[in-house]
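A.B. asks: Sharing a structure here in structure tokens format.
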Amino acid sequence: RFLPMSVSKVFIVNLWGNAFEGFSKGSLNKTFCDEAEAFFKAKGCEIKTTNVNDAYDIDDEIAKYLWCDLIFYQSPCNWMGMSWQAKKWADAVWTQGMMGTLCKMDGRHRESPEDGYGTGGQLQGKSYMLSLTFNAPKGAFDRKDQYLFQGISVDDLWRPFHANNRFFALEQVPDSTFCSYDVLKNPTIEADLTRFRTHLATLFP
């Protein structure tokens with residue numbers, strides 16, 4: 001079970017991709033990363049960070065996963081998922097991690113190849129949470145009468161991302177996904193930041 005008091009080392013990953021330049025400068029996602037860093041530092045946590053737009057060393061990125069207690073991911077929802085820069089970072093880091101550091105391949109055994117897929121994770125005891133920014137309004141989710149998402153939740157939409165983390169035996173902090181909705185047409189940024197601070201304080205008292 002996730003224990004908030006066990007968190008002392010936090011890895012903050014900014015998944016915003018600069019493909020949005022001219023459309024978005026990434027300032028909102030950076031702000032949420034900065035807010036998370038300030039919150040965890042105030043609690044005495046050590047912090048390491050990654051911005052997927054910056055140069056990175058794959059071994060260093062894997063080492064951050066091995067070092068931390070908690071991974072905080074911040075991302076825009078770009079065409080129902082991560083930006084291509086974030087996917088490129090994940091493909092590079094997570095694939096190399098399959099060699100035994102993040103997981104031992106896919107966890108299956110030759111004796112029963114239909115069973116146990118995804119059970120090779122090596123990061124037991126570590127947790128993650130996800131914070132997202134959306135153009136979509138909150139009302140687009142969890143309502144079966146809405147055309148696009150047809151009643152699914154945000155976490156349903158991001159299920160592949162959650163499956164990726166589960167592949168490494170990472171545990172999602174319960175009820176931790178945070179969303180800033182409708183950030184282009186009807187932004188409420190100050191209210192969202194207030195909600196975000198309250199959300200973190202509730203998850204990590």
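Naming works like this for the structure tokens: A, B, ... for the chains as they're shown, residue 1 at the start of each chain, ligands 1 onward in shown order.
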For range 50-96 of chain A against range 127-137 of chain A, with a cut-off of 6 Å and counting only C-alpha atoms, what is the closest atom pair and its distance in Å to one decimal for every residue that makes the cut, ordered by chain and number, as a tab-separated table?
C.D. replies:
residue	atom	partner	partner_atom	distance
A:Leu70	CA	A:Ser127	CA	4.9
A:Ile71	CA	A:Tyr128	CA	4.5
A:Phe72	CA	A:Met129	CA	5.2
A:Tyr73	CA	A:Leu130	CA	4.9
A:Gln74	CA	A:Ser131	CA	4.8
A:Ser75	CA	A:Leu132	CA	5.0
A:Pro76	CA	A:Thr133	CA	4.6
A:Cys77	CA	A:Phe134	CA	5.6
A.B. asks: Any idea what's packed within 8 Å of range 166-178 of chain A, counting only C-alpha atoms, ignoring anything in its chain fewer than 2 positions away? Could you give it as a list in words?
C.D. replies: Phe2, Leu102, Cys103, Asp106, Gly118, Thr119, Gly120, Gly121, Gln122, Leu123, Gln124, Gly125, Lys126, Ser127, Tyr128, Met129, Leu130, Ser131, Leu132, Asp155, His162, Ala163, Asn164, Ser180, Phe196, His199 and Leu203 of chain A
A.B. asks: I'd like the neighbourhood of Gly139 in chain A as a PyMOL selection string, where a residue qualifies if any of its atoms comes within 12 Å (using only C-alpha atoms), though same-chain residues fewer than 6 positions away should be ignored.
C.D. replies: chain A and resi 145-154+181-182
A.B. asks: For C-alpha atoms, I'd like the residues from the last selection saved as a compact mmCIF listing (two decimals), in the first residue's frame.
C.D. replies:
# COMPACT_ATOMS: atom_id res chain seq x y z
CA ASP A 145 -23.94 11.58 -23.62
CA GLN A 146 -20.74 13.28 -24.75
CA TYR A 147 -19.74 12.46 -28.32
CA LEU A 148 -15.98 11.94 -28.20
CA PHE A 149 -15.16 10.09 -24.98
CA GLN A 150 -18.52 8.38 -24.49
CA GLY A 151 -18.36 8.25 -20.71
CA ILE A 152 -14.74 7.28 -20.11
CA SER A 153 -12.61 8.95 -17.45
CA VAL A 154 -9.27 10.73 -17.83
CA TYR A 181 -9.11 21.55 -18.04
CA ASP A 182 -10.14 23.87 -20.87
A.B. asks: Do you have the CA of Pro205 in chain A-CA of Leu193 in chain A distance handy?
C.D. replies: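 So the answer is 17.5 Å.
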A.B. asks: Which of these, A:Trp16, A:Trp89, A:Phe40, A:Phe11, has the shortest distance to Ala201 in chain A once you count only C-alpha atoms?
C.D. replies: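 Looking at the shortest contact to Ala201 in chain A, the residue is A:Phe40.
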A.B. asks: Point out the residue among A:Gln96, A:Ser112, A:Thr101, A:Asn14 with the least atom-to-atom distance to Ser83 in chain A, counting only C-alpha atoms.
C.D. replies: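 Going through A:Gln96, A:Ser112, A:Thr101, A:Asn14 one by one, the smallest distance to Ser83 in chain A is for A:Asn14.
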A.B. asks: Got a sec to tell me which of chain A DSSP assigns to strand (DSSP E), as an MDAnalysis selection string?
C.D. replies: chainID A and resid 9:14 46:51 70:76 127:133 171:172 178:180
A.B. asks: Using only C-alpha atoms, which residues sit within 6 Å of Arg108 in chain A once same-chain residues fewer than 3 positions away are excluded, as an MDAnalysis selection string?
C.D. replies: chainID A and resid 113 116:117
A.B. asks: How about saving the chosen residues, C-alpha atoms kept, as a JSON list (two decimals), in the first residue's frame?
C.D. replies:
[["chain", "number", "residue", "atom", "x", "y", "z"],
["A", 113, "PRO", "CA", 3.88, -18.10, -22.55],
["A", 116, "GLY", "CA", 2.19, -13.32, -16.74],
["A", 117, "TYR", "CA", 2.72, -10.71, -19.43]]
